[in-house]
Amino acid sequence: MAGENILVIGAGIAGLNAALALSQPGRTVTLIERDPPPPDASADAAFDIWERRGVGHLRHSHAFLARLYLLLREKYPDLLQELLDAGCRELRFEDGIPTTLRDAYVPEPEDNDLTILTSRRTTLEFIMRRYAATLPGITFMTGTRVKGLRQDRASNGTPMITGVTVDNQGQDLTLTADLVVDAGGKNALGMDWLKASGIHVRQDVEGAGILYYTRHYRLRPGQEEPPRSKLPNGADLGYIKYGVFPADNGCFSITLAVPEVEMEIRRRIVHPEVFDQICRSLPAMAPWIEDTRVEPKSKVFGMGELKSQWRHLIEDGKPVVLNYYPMGDNLIRTNPLYGRGCSFAAVEAQALANALDASEDPAERACQYHTEVAREVRPYYDSMLKQDRAAIRRAANGLNPDYEAGFKARLAKSFIEDAINIALRSDVDLLREAMHGFHMLSHPDAWLKKPKNFFKVMRVWARGKKRNKGFYLPRIGPNRKEMFELLDLSPTVDWETYKNAA
Ligand SMILES: Cc1cc2nc3c(=O)[nH]c(=O)nc-3n(C[C@H](O)[C@H](O)[C@H](O)COP(=O)(O)OP(=O)(O)OC[C@H]3O[C@@H](n4cnc5c(N)ncnc54)[C@H](O)[C@@H]3O)c2cc1C
């Protein structure tokens, strides 16, 4: 609608995506952000000194999946160029294919689409923000905290948001708006404000079952990243998952994700020397942190309270509130392991732009927004929940020294390890199709549901371990008992605690 005035709470990833999607001549979009603006200097300065108390995970590893990368490439090519100029990296399909497929690999044009954009999150955010500020109608109001929502009622009685109240560096202000986008992140207070005024928003919540630990490193002058080996740069040992995230300007980070039930490891891993000791014991990570190659650039950042959360703002086909659009982590949260949160935010921002273009009626807009988001995002959300639940069960079983898997569990494990994983390491077409799902370009299970692909996977399984020998990974790291010995921890304490708590 011409002349529309939009307020966006938060200038994080979702707020910035909203700015990109909603900017339009004649429309004003004001992003209200509690934190100060980035230092207008360099990617390094942004990482070293940008104060972002509103984003606790700012200095954790971040990567944008192809769904978001392609959006940037197609709709905002000059922004993508600015990100690349600042040192952000494109990790292509061919960079990730296993050694078993490299020699026979023939590139397909679509492989260029299966690209991850990666860098320190401070760099991604700093450049996106600088670009967004140049778009028509976009204004940033920083150092300003939103304190509440202004509310009225539509003629049919539905609550309707008409603006926000803010604390602008000690001064209380009321700002009116045609609509409010609440991109206040995982700690956003919008739902609390709605609840206080009698509006109930239903939500599904489940713990992700892990904690995140990240440390940053930089290559020493003249040094390069280790050459690719047979081992993947990310894998799951059950009691710990690891991944390396190549970043901008010679930097990279390593993230170790630890199941919540592994209390002993959690207690120690925040110490940098222990974090590095664990990395050195993982054959794929060890070359990344050789003293002669890199220097550490940060402490170990830890993050807990990770959850999946889906908020429902449509009940019985009707919006519970009008002109209020939660976006990003305030609408949907997921386990960061899958790296999908930023892509979800981008999809939501585009969905809102579509809804605003399609109708001027607030109720129709809300229904279209939430319907499109559910259609585009829910399959990935459900698939991640399923995987999280299985991982939580496995982690708890891993504590129990007497655990013996039953037939069903052994069969499921074998299907993943001996059928799916081996098929993906032995057939590039299968890998390509599976990566489409991973990158949110097709339904996450679509590749396996195709009879042709399912048959291929079953054939690999039927061939048996002996004949598939060449496609198994070498040992990816110590088992739990060995790691506990290395770190001088007791392997049974957590099981006793878990049993007693249960
Ligand atoms: C450890 C970790 C690793 C992750 N890794 C990845 C990854 O690799 N790839 C990926 O796609 N996703 C990843 N995610 C998810 C991703 O970071 C989030 O989905 C994304 O940040 C959500 O963006 P957002 O704008 O909703 O929230 P944020 O980016 O957190 O931004 C919220 C903003 O709102 C501001 N704000 C809050 N309240 C107010 C207020 N009252 N007034 C004014 N301003 C306010 C905050 O200061 C902040 O700037 C990760 C998440 C975590 C926790």
# chains A, B, ... in the order shown; residues from 1 in each chain; ligands from 1
$ residues_around --residues "Leu84 of chain A" --least-positions-apart "2" --cutoff "12 Å" --atoms "only C-alpha atoms" --output "PDB file with C-alpha atoms, in the first residue's frame"
ATOM      1  CA  ALA A  43      35.127  -6.813   9.249  1.00  0.00           C
ATOM      2  CA  TYR A  69      22.459 -17.620  -0.915  1.00  0.00           C
ATOM      3  CA  LEU A  72      20.873 -12.913  -2.508  1.00  0.00           C
ATOM      4  CA  ARG A  73      22.285 -13.980  -5.887  1.00  0.00           C
ATOM      5  CA  PRO A  77      23.459  -9.422  -6.569  1.00  0.00           C
ATOM      6  CA  ASP A  78      25.204  -6.202  -5.554  1.00  0.00           C
ATOM      7  CA  LEU A  79      24.818  -7.153  -1.871  1.00  0.00           C
ATOM      8  CA  LEU A  80      26.252 -10.592  -2.600  1.00  0.00           C
ATOM      9  CA  GLN A  81      29.180  -8.900  -4.341  1.00  0.00           C
ATOM     10  CA  GLU A  82      29.745  -6.648  -1.327  1.00  0.00           C
ATOM     11  CA  ALA A  86      34.429  -8.221   2.340  1.00  0.00           C
ATOM     12  CA  GLY A  87      35.859 -11.752   2.345  1.00  0.00           C
ATOM     13  CA  CYS A  88      32.747 -13.931   2.706  1.00  0.00           C
ATOM     14  CA  ARG A  89      33.268 -17.315   1.087  1.00  0.00           C
ATOM     15  CA  GLU A  90      31.215 -19.425  -1.314  1.00  0.00           C
ATOM     16  CA  LEU A  91      31.565 -23.105  -0.397  1.00  0.00           C
ATOM     17  CA  LEU A 117      27.863 -18.546   2.019  1.00  0.00           C
ATOM     18  CA  THR A 118      30.056 -18.419   5.073  1.00  0.00           C
ATOM     19  CA  SER A 119      32.022 -15.958   7.175  1.00  0.00           C
ATOM     20  CA  THR A 123      30.862  -9.738   8.794  1.00  0.00           C
ATOM     21  CA  LEU A 124      27.625 -11.030   7.241  1.00  0.00           C
ATOM     22  CA  ILE A 127      27.738  -5.782   5.368  1.00  0.00           C
ATOM     23  CA  MET A 128      24.007  -6.613   5.107  1.00  0.00           C
ATOM     24  CA  ALA A 247      35.234 -17.690   7.345  1.00  0.00           C
ATOM     25  CA  ASP A 248      36.451 -14.390   5.924  1.00  0.00           C
ATOM     26  CA  ASN A 249      39.928 -12.875   5.898  1.00  0.00           C
TER      27      ASN A 249
END
$ closest_atom_pairs --of "chain A" --to "ligand 1" --cutoff "6 Å" --atoms "only C-alpha atoms and all ligand atoms" --output "JSON lines"
{"residue": "A:Ile9", "atom": "CA", "partner": "ligand 1", "partner_atom_place_in_ligand_line": "43 (C)", "distance": 5.3}
{"residue": "A:Gly10", "atom": "CA", "partner": "ligand 1", "partner_atom_place_in_ligand_line": "34 (O)", "distance": 3.2}
{"residue": "A:Ala11", "atom": "CA", "partner": "ligand 1", "partner_atom_place_in_ligand_line": "49 (O)", "distance": 4.8}
{"residue": "A:Gly12", "atom": "CA", "partner": "ligand 1", "partner_atom_place_in_ligand_line": "31 (O)", "distance": 3.4}
{"residue": "A:Ile13", "atom": "CA", "partner": "ligand 1", "partner_atom_place_in_ligand_line": "25 (O)", "distance": 3.9}
{"residue": "A:Ala14", "atom": "CA", "partner": "ligand 1", "partner_atom_place_in_ligand_line": "25 (O)", "distance": 3.5}
{"residue": "A:Gly15", "atom": "CA", "partner": "ligand 1", "partner_atom_place_in_ligand_line": "25 (O)", "distance": 5.3}
{"residue": "A:Ile32", "atom": "CA", "partner": "ligand 1", "partner_atom_place_in_ligand_line": "43 (C)", "distance": 5.3}
{"residue": "A:Glu33", "atom": "CA", "partner": "ligand 1", "partner_atom_place_in_ligand_line": "44 (N)", "distance": 3.8}
{"residue": "A:Arg34", "atom": "CA", "partner": "ligand 1", "partner_atom_place_in_ligand_line": "43 (C)", "distance": 4.0}
{"residue": "A:Asp35", "atom": "CA", "partner": "ligand 1", "partner_atom_place_in_ligand_line": "47 (O)", "distance": 5.3}
{"residue": "A:Gly54", "atom": "CA", "partner": "ligand 1", "partner_atom_place_in_ligand_line": "47 (O)", "distance": 3.2}
{"residue": "A:Val55", "atom": "CA", "partner": "ligand 1", "partner_atom_place_in_ligand_line": "30 (O)", "distance": 4.5}
{"residue": "A:His57", "atom": "CA", "partner": "ligand 1", "partner_atom_place_in_ligand_line": "1 (C)", "distance": 5.0}
{"residue": "A:His60", "atom": "CA", "partner": "ligand 1", "partner_atom_place_in_ligand_line": "1 (C)", "distance": 5.1}
{"residue": "A:Ser61", "atom": "CA", "partner": "ligand 1", "partner_atom_place_in_ligand_line": "5 (N)", "distance": 5.7}
{"residue": "A:His62", "atom": "CA", "partner": "ligand 1", "partner_atom_place_in_ligand_line": "8 (O)", "distance": 3.2}
{"residue": "A:Ala63", "atom": "CA", "partner": "ligand 1", "partner_atom_place_in_ligand_line": "8 (O)", "distance": 4.0}
{"residue": "A:Phe64", "atom": "CA", "partner": "ligand 1", "partner_atom_place_in_ligand_line": "11 (O)", "distance": 5.1}
{"residue": "A:Thr144", "atom": "CA", "partner": "ligand 1", "partner_atom_place_in_ligand_line": "43 (C)", "distance": 5.9}
{"residue": "A:Arg145", "atom": "CA", "partner": "ligand 1", "partner_atom_place_in_ligand_line": "42 (N)", "distance": 3.7}
{"residue": "A:Val146", "atom": "CA", "partner": "ligand 1", "partner_atom_place_in_ligand_line": "42 (N)", "distance": 3.9}
{"residue": "A:Lys147", "atom": "CA", "partner": "ligand 1", "partner_atom_place_in_ligand_line": "41 (N)", "distance": 5.8}
{"residue": "A:Ala183", "atom": "CA", "partner": "ligand 1", "partner_atom_place_in_ligand_line": "26 (O)", "distance": 5.0}
{"residue": "A:Gly184", "atom": "CA", "partner": "ligand 1", "partner_atom_place_in_ligand_line": "34 (O)", "distance": 3.5}
{"residue": "A:Gly185", "atom": "CA", "partner": "ligand 1", "partner_atom_place_in_ligand_line": "27 (O)", "distance": 3.4}
{"residue": "A:Ala188", "atom": "CA", "partner": "ligand 1", "partner_atom_place_in_ligand_line": "38 (N)", "distance": 4.9}
{"residue": "A:Tyr212", "atom": "CA", "partner": "ligand 1", "partner_atom_place_in_ligand_line": "1 (C)", "distance": 5.8}
{"residue": "A:Gly328", "atom": "CA", "partner": "ligand 1", "partner_atom_place_in_ligand_line": "26 (O)", "distance": 3.4}
{"residue": "A:Asp329", "atom": "CA", "partner": "ligand 1", "partner_atom_place_in_ligand_line": "26 (O)", "distance": 3.9}
{"residue": "A:Asn330", "atom": "CA", "partner": "ligand 1", "partner_atom_place_in_ligand_line": "26 (O)", "distance": 5.8}
{"residue": "A:Pro336", "atom": "CA", "partner": "ligand 1", "partner_atom_place_in_ligand_line": "50 (C)", "distance": 4.3}
{"residue": "A:Gly339", "atom": "CA", "partner": "ligand 1", "partner_atom_place_in_ligand_line": "9 (N)", "distance": 3.4}
{"residue": "A:Arg340", "atom": "CA", "partner": "ligand 1", "partner_atom_place_in_ligand_line": "11 (O)", "distance": 4.0}
{"residue": "A:Gly341", "atom": "CA", "partner": "ligand 1", "partner_atom_place_in_ligand_line": "19 (O)", "distance": 3.2}
{"residue": "A:Cys342", "atom": "CA", "partner": "ligand 1", "partner_atom_place_in_ligand_line": "11 (O)", "distance": 3.5}
{"residue": "A:Ser343", "atom": "CA", "partner": "ligand 1", "partner_atom_place_in_ligand_line": "11 (O)", "distance": 5.2}
$ residues_around --residues "Leu7 of chain A" --least-positions-apart "5" --cutoff "8 Å" --atoms "only C-alpha atoms" --output "tab-separated table (two decimals) with N, CA and C atoms, in the first residue's frame"
chain	number	residue	atom	x	y	z
A	29	VAL	N	10.30	2.13	6.18
A	29	VAL	CA	10.57	0.99	7.06
A	29	VAL	C	11.63	1.45	8.07
A	30	THR	N	11.26	1.46	9.35
A	30	THR	CA	12.20	1.90	10.38
A	30	THR	C	12.59	0.71	11.25
A	31	LEU	N	13.88	0.42	11.28
A	31	LEU	CA	14.36	-0.69	12.13
A	31	LEU	C	14.80	-0.12	13.46
A	32	ILE	N	14.16	-0.59	14.53
A	32	ILE	CA	14.48	-0.08	15.87
A	32	ILE	C	15.36	-1.12	16.56
A	163	GLY	N	1.42	0.42	16.77
A	163	GLY	CA	2.71	1.08	16.96
A	163	GLY	C	3.44	0.48	18.16
A	177	ALA	N	2.44	3.12	13.66
A	177	ALA	CA	2.79	2.40	12.43
A	177	ALA	C	1.56	1.75	11.84
A	179	LEU	N	1.94	-1.17	10.37
A	179	LEU	CA	2.14	-2.54	10.85
A	179	LEU	C	3.51	-2.66	11.50
A	180	VAL	N	3.61	-3.66	12.40
A	180	VAL	CA	4.85	-3.87	13.15
A	180	VAL	C	5.38	-5.27	12.85
A	181	VAL	N	6.65	-5.33	12.45
A	181	VAL	CA	7.33	-6.62	12.29
A	181	VAL	C	8.14	-6.83	13.55
$ closest_residue --among "A:Glu364, A:Glu125, A:Asp388, A:Asp418" --to "Val321 of chain A" --atoms "only C-alpha atoms"
A:Glu364
$ select_by_dssp --residues "segment 129-300 of chain A" --states "helix (DSSP H, G or I)" --output "VMD selection string"
chain A and resid 129 to 132 190 to 196 263 to 269 272 to 281 286 to 289
$ write_last_selection --atoms "N, CA, C and O atoms" --output "CSV table (one decimal), in the first residue's frame"
chain,number,residue,atom,x,y,z
A,129,ARG,N,23.8,-4.9,6.8
A,129,ARG,CA,23.2,-3.7,7.4
A,129,ARG,C,23.7,-2.5,6.6
A,129,ARG,O,22.8,-1.6,6.4
A,130,ARG,N,24.9,-2.4,6.2
A,130,ARG,CA,25.4,-1.3,5.5
A,130,ARG,C,24.6,-1.2,4.2
A,130,ARG,O,24.2,-0.1,3.7
A,131,TYR,N,24.4,-2.3,3.5
A,131,TYR,CA,23.6,-2.3,2.3
A,131,TYR,C,22.2,-1.9,2.5
A,131,TYR,O,21.6,-1.1,1.7
A,132,ALA,N,21.6,-2.5,3.5
A,132,ALA,CA,20.1,-2.2,3.8
A,132,ALA,C,19.9,-0.7,4.0
A,132,ALA,O,18.9,-0.1,3.6
A,190,GLY,N,7.7,-9.6,22.6
A,190,GLY,CA,6.4,-9.3,22.0
A,190,GLY,C,5.3,-10.2,22.5
A,190,GLY,O,4.2,-9.8,22.8
A,191,MET,N,5.6,-11.6,22.6
A,191,MET,CA,4.5,-12.5,23.0
A,191,MET,C,4.1,-12.2,24.5
A,191,MET,O,3.0,-12.4,24.8
A,192,ASP,N,5.1,-11.8,25.3
A,192,ASP,CA,4.8,-11.5,26.7
A,192,ASP,C,3.8,-10.2,26.7
A,192,ASP,O,2.9,-10.2,27.5
A,193,TRP,N,4.1,-9.3,25.9
A,193,TRP,CA,3.3,-8.1,25.9
A,193,TRP,C,1.9,-8.4,25.4
A,193,TRP,O,0.9,-7.9,25.9
A,194,LEU,N,1.8,-9.3,24.4
A,194,LEU,CA,0.5,-9.7,23.9
A,194,LEU,C,-0.3,-10.4,25.0
A,194,LEU,O,-1.5,-10.2,25.3
A,195,LYS,N,0.4,-11.3,25.7
A,195,LYS,CA,-0.2,-12.1,26.8
A,195,LYS,C,-0.7,-11.2,27.9
A,195,LYS,O,-1.8,-11.4,28.4
A,196,ALA,N,0.1,-10.2,28.2
A,196,ALA,CA,-0.3,-9.3,29.3
A,196,ALA,C,-1.6,-8.5,28.9
A,196,ALA,O,-2.4,-8.1,29.8
A,263,MET,N,27.3,-33.9,31.1
A,263,MET,CA,27.6,-32.9,32.0
A,263,MET,C,29.1,-32.7,32.3
A,263,MET,O,29.6,-31.6,32.4
A,264,GLU,N,29.8,-33.9,32.3
A,264,GLU,CA,31.2,-33.8,32.6
A,264,GLU,C,32.0,-33.1,31.5
A,264,GLU,O,32.9,-32.3,31.7
A,265,ILE,N,31.7,-33.4,30.2
A,265,ILE,CA,32.3,-32.7,29.1
A,265,ILE,C,32.0,-31.2,29.1
A,265,ILE,O,32.8,-30.4,29.0
A,266,ARG,N,30.7,-30.9,29.4
A,266,ARG,CA,30.2,-29.5,29.4
A,266,ARG,C,31.0,-28.7,30.4
A,266,ARG,O,31.3,-27.5,30.2
A,267,ARG,N,31.3,-29.4,31.5
A,267,ARG,CA,32.0,-28.6,32.6
A,267,ARG,C,33.4,-28.2,32.2
A,267,ARG,O,33.9,-27.2,32.6
A,268,ARG,N,34.0,-29.0,31.4
A,268,ARG,CA,35.4,-28.8,31.0
A,268,ARG,C,35.7,-28.0,29.7
A,268,ARG,O,36.7,-27.4,29.5
A,269,ILE,N,34.7,-28.2,28.8
A,269,ILE,CA,35.0,-27.8,27.4
A,269,ILE,C,35.2,-26.3,27.2
A,269,ILE,O,35.8,-25.8,26.3
A,272,PRO,N,39.7,-23.1,27.1
A,272,PRO,CA,40.3,-23.1,25.8
A,272,PRO,C,41.3,-24.3,25.6
A,272,PRO,O,41.3,-24.9,24.5
A,273,GLU,N,42.1,-24.6,26.6
A,273,GLU,CA,43.1,-25.7,26.4
A,273,GLU,C,42.4,-27.0,26.3
A,273,GLU,O,42.8,-27.9,25.6
A,274,VAL,N,41.2,-27.2,27.0
A,274,VAL,CA,40.5,-28.5,26.9
A,274,VAL,C,39.8,-28.5,25.5
A,274,VAL,O,39.8,-29.5,24.8
A,275,PHE,N,39.2,-27.4,25.1
A,275,PHE,CA,38.6,-27.3,23.7
A,275,PHE,C,39.6,-27.7,22.7
A,275,PHE,O,39.3,-28.6,21.8
A,276,ASP,N,40.8,-27.1,22.7
A,276,ASP,CA,41.8,-27.5,21.7
A,276,ASP,C,42.3,-28.9,21.9
A,276,ASP,O,42.6,-29.6,20.9
A,277,GLN,N,42.3,-29.4,23.1
A,277,GLN,CA,42.8,-30.8,23.3
A,277,GLN,C,41.8,-31.8,22.6
A,277,GLN,O,42.1,-32.7,22.0
A,278,ILE,N,40.5,-31.4,22.8
A,278,ILE,CA,39.4,-32.3,22.1
A,278,ILE,C,39.6,-32.2,20.6
A,278,ILE,O,39.7,-33.2,19.9
A,279,CYS,N,39.8,-31.0,20.1
A,279,CYS,CA,40.0,-30.8,18.6
A,279,CYS,C,41.2,-31.6,18.1
A,279,CYS,O,41.2,-32.2,17.1
A,280,ARG,N,42.3,-31.5,18.9
A,280,ARG,CA,43.5,-32.3,18.5
A,280,ARG,C,43.3,-33.8,18.4
A,280,ARG,O,44.0,-34.5,17.7
A,281,SER,N,42.4,-34.3,19.2
A,281,SER,CA,42.1,-35.7,19.2
A,281,SER,C,41.2,-36.1,18.1
A,281,SER,O,41.0,-37.3,17.8
A,286,ALA,N,42.5,-31.8,13.9
A,286,ALA,CA,43.8,-31.6,14.4
A,286,ALA,C,44.6,-30.6,13.4
A,286,ALA,O,45.3,-29.7,13.9
A,287,PRO,N,44.6,-30.9,12.1
A,287,PRO,CA,45.4,-30.0,11.2
A,287,PRO,C,45.0,-28.6,11.2
A,287,PRO,O,45.8,-27.7,10.9
A,288,TRP,N,43.7,-28.4,11.6
A,288,TRP,CA,43.2,-27.0,11.5
A,288,TRP,C,43.7,-26.2,12.7
A,288,TRP,O,43.7,-24.9,12.6
A,289,ILE,N,44.2,-26.8,13.8
A,289,ILE,CA,44.6,-26.0,14.9
A,289,ILE,C,46.1,-26.2,15.2
A,289,ILE,O,46.5,-26.0,16.4
$ closest_residue --among "A:Ala501, A:Leu322, A:Leu282, A:Ala46" --to "Met483 of chain A" --atoms "only C-alpha atoms"
A:Leu282
$ closest_residue --among "A:Met160, A:Asp291, A:Met303, A:Arg378" --to "Ile332 of chain A" --atoms "only C-alpha atoms"
A:Arg378
$ closest_residue --among "A:Asp48, A:Asp103, A:Asp95, A:Asp204" --to "Thr122 of chain A" --atoms "only C-alpha atoms"
A:Asp48
$ select_by_dssp --residues "segment 323-386 of chain A" --states "strand (DSSP E)" --output "PyMOL selection string"
chain A and resi 324-326+332-333
$ write_last_selection --atoms "C-alpha atoms" --output "PDB file, in the first residue's frame"
ATOM      1  CA  TYR A 324       1.695  -7.699  13.992  1.00  0.00           C
ATOM      2  CA  TYR A 325       4.169  -9.977  12.213  1.00  0.00           C
ATOM      3  CA  PRO A 326       6.664 -11.954  14.299  1.00  0.00           C
ATOM      4  CA  ILE A 332      10.263 -20.064  14.611  1.00  0.00           C
ATOM      5  CA  ARG A 333      13.393 -21.311  16.356  1.00  0.00           C
TER       6      ARG A 333
END
$ residues_around --residues "segment 355-360 of chain A" --least-positions-apart "3" --cutoff "10 Å" --atoms "only C-alpha atoms" --output "ChimeraX atom specification"
/A:1,22,349-352,363-372
$ closest_residue --among "A:Gly170, A:Gly317, A:Pro451, A:Pro401" --to "Lys499 of chain A" --atoms "only C-alpha atoms"
A:Pro401
$ residues_around --residues "Pro444 of chain A" --least-positions-apart "2" --cutoff "8 Å" --atoms "only C-alpha atoms" --output "ChimeraX atom specification"
/A:379-380,383,434,436-438,440,442,446-447
$ write_last_selection --atoms "C-alpha atoms" --output "mmCIF file, in the first residue's frame"
data_model
loop_
_atom_site.group_PDB
_atom_site.id
_atom_site.type_symbol
_atom_site.label_atom_id
_atom_site.label_comp_id
_atom_site.auth_asym_id
_atom_site.auth_seq_id
_atom_site.Cartn_x
_atom_site.Cartn_y
_atom_site.Cartn_z
ATOM 1 C CA PRO A 379 8.653 -29.697 6.428
ATOM 2 C CA TYR A 380 12.214 -28.765 7.471
ATOM 3 C CA SER A 383 12.321 -33.208 9.886
ATOM 4 C CA ALA A 434 20.029 -35.027 -0.975
ATOM 5 C CA HIS A 436 18.825 -30.025 -2.450
ATOM 6 C CA GLY A 437 16.833 -31.019 0.614
ATOM 7 C CA PHE A 438 19.602 -29.990 3.011
ATOM 8 C CA MET A 440 15.911 -26.115 1.574
ATOM 9 C CA SER A 442 13.242 -29.277 -2.084
ATOM 10 C CA ALA A 446 11.990 -35.865 -1.412
ATOM 11 C CA TRP A 447 15.199 -37.434 -2.684
#
$ closest_residue --among "A:Ser414, A:Thr100, A:Thr158, A:Asn479" --to "Leu231 of chain A" --atoms "only C-alpha atoms"
A:Thr100
$ decode --residues "segment 143-165 of chain A" --atoms "N, CA and C atoms" --output "short mmCIF file (atom, residue, chain, number, x, y, z; two decimals), in the first residue's frame"
data_model
loop_
_atom_site.label_atom_id
_atom_site.label_comp_id
_atom_site.auth_asym_id
_atom_site.auth_seq_id
_atom_site.Cartn_x
_atom_site.Cartn_y
_atom_site.Cartn_z
N GLY A 143 20.34 2.12 19.45
CA GLY A 143 20.36 2.50 20.86
C GLY A 143 18.96 2.76 21.39
N THR A 144 17.98 2.11 20.79
CA THR A 144 16.57 2.36 21.14
C THR A 144 15.90 1.03 21.46
N ARG A 145 15.36 0.94 22.65
CA ARG A 145 14.74 -0.34 23.06
C ARG A 145 13.22 -0.23 23.00
N VAL A 146 12.59 -1.18 22.33
CA VAL A 146 11.12 -1.21 22.31
C VAL A 146 10.63 -1.74 23.64
N LYS A 147 9.69 -1.04 24.24
CA LYS A 147 9.22 -1.41 25.59
C LYS A 147 7.82 -2.00 25.59
N GLY A 148 7.09 -1.80 24.49
CA GLY A 148 5.74 -2.34 24.48
C GLY A 148 5.07 -2.10 23.13
N LEU A 149 3.88 -2.72 22.97
CA LEU A 149 3.13 -2.57 21.72
C LEU A 149 1.92 -1.67 21.97
N ARG A 150 1.63 -0.83 21.02
CA ARG A 150 0.43 0.01 21.10
C ARG A 150 -0.72 -0.76 20.47
N GLN A 151 -1.86 -0.76 21.13
CA GLN A 151 -2.93 -1.65 20.66
C GLN A 151 -4.27 -0.96 20.52
N ASP A 152 -5.05 -1.41 19.55
CA ASP A 152 -6.41 -0.94 19.36
C ASP A 152 -7.25 -2.18 18.99
N ARG A 153 -8.49 -1.97 18.56
CA ARG A 153 -9.28 -3.12 18.10
C ARG A 153 -9.86 -2.83 16.73
N ALA A 154 -9.88 -3.86 15.89
CA ALA A 154 -10.54 -3.70 14.58
C ALA A 154 -12.05 -3.67 14.80
N SER A 155 -12.82 -3.32 13.76
CA SER A 155 -14.28 -3.19 13.93
C SER A 155 -14.91 -4.52 14.35
N ASN A 156 -14.28 -5.67 14.00
CA ASN A 156 -14.85 -6.97 14.43
C ASN A 156 -14.33 -7.40 15.80
N GLY A 157 -13.56 -6.53 16.45
CA GLY A 157 -13.10 -6.82 17.81
C GLY A 157 -11.71 -7.45 17.89
N THR A 158 -11.13 -7.83 16.75
CA THR A 158 -9.80 -8.45 16.80
C THR A 158 -8.77 -7.41 17.24
N PRO A 159 -7.88 -7.78 18.18
CA PRO A 159 -6.83 -6.84 18.58
C PRO A 159 -5.95 -6.45 17.38
N MET A 160 -5.53 -5.21 17.40
CA MET A 160 -4.79 -4.68 16.24
C MET A 160 -3.64 -3.83 16.77
N ILE A 161 -2.43 -4.09 16.29
CA ILE A 161 -1.25 -3.34 16.75
C ILE A 161 -1.13 -2.06 15.91
N THR A 162 -0.90 -0.96 16.61
CA THR A 162 -0.85 0.33 15.89
C THR A 162 0.47 1.06 16.08
N GLY A 163 1.42 0.42 16.77
CA GLY A 163 2.71 1.08 16.96
C GLY A 163 3.44 0.48 18.16
N VAL A 164 4.48 1.17 18.60
CA VAL A 164 5.27 0.68 19.73
C VAL A 164 5.62 1.84 20.65
N THR A 165 5.97 1.49 21.88
CA THR A 165 6.55 2.51 22.77
C THR A 165 8.03 2.16 22.92
#
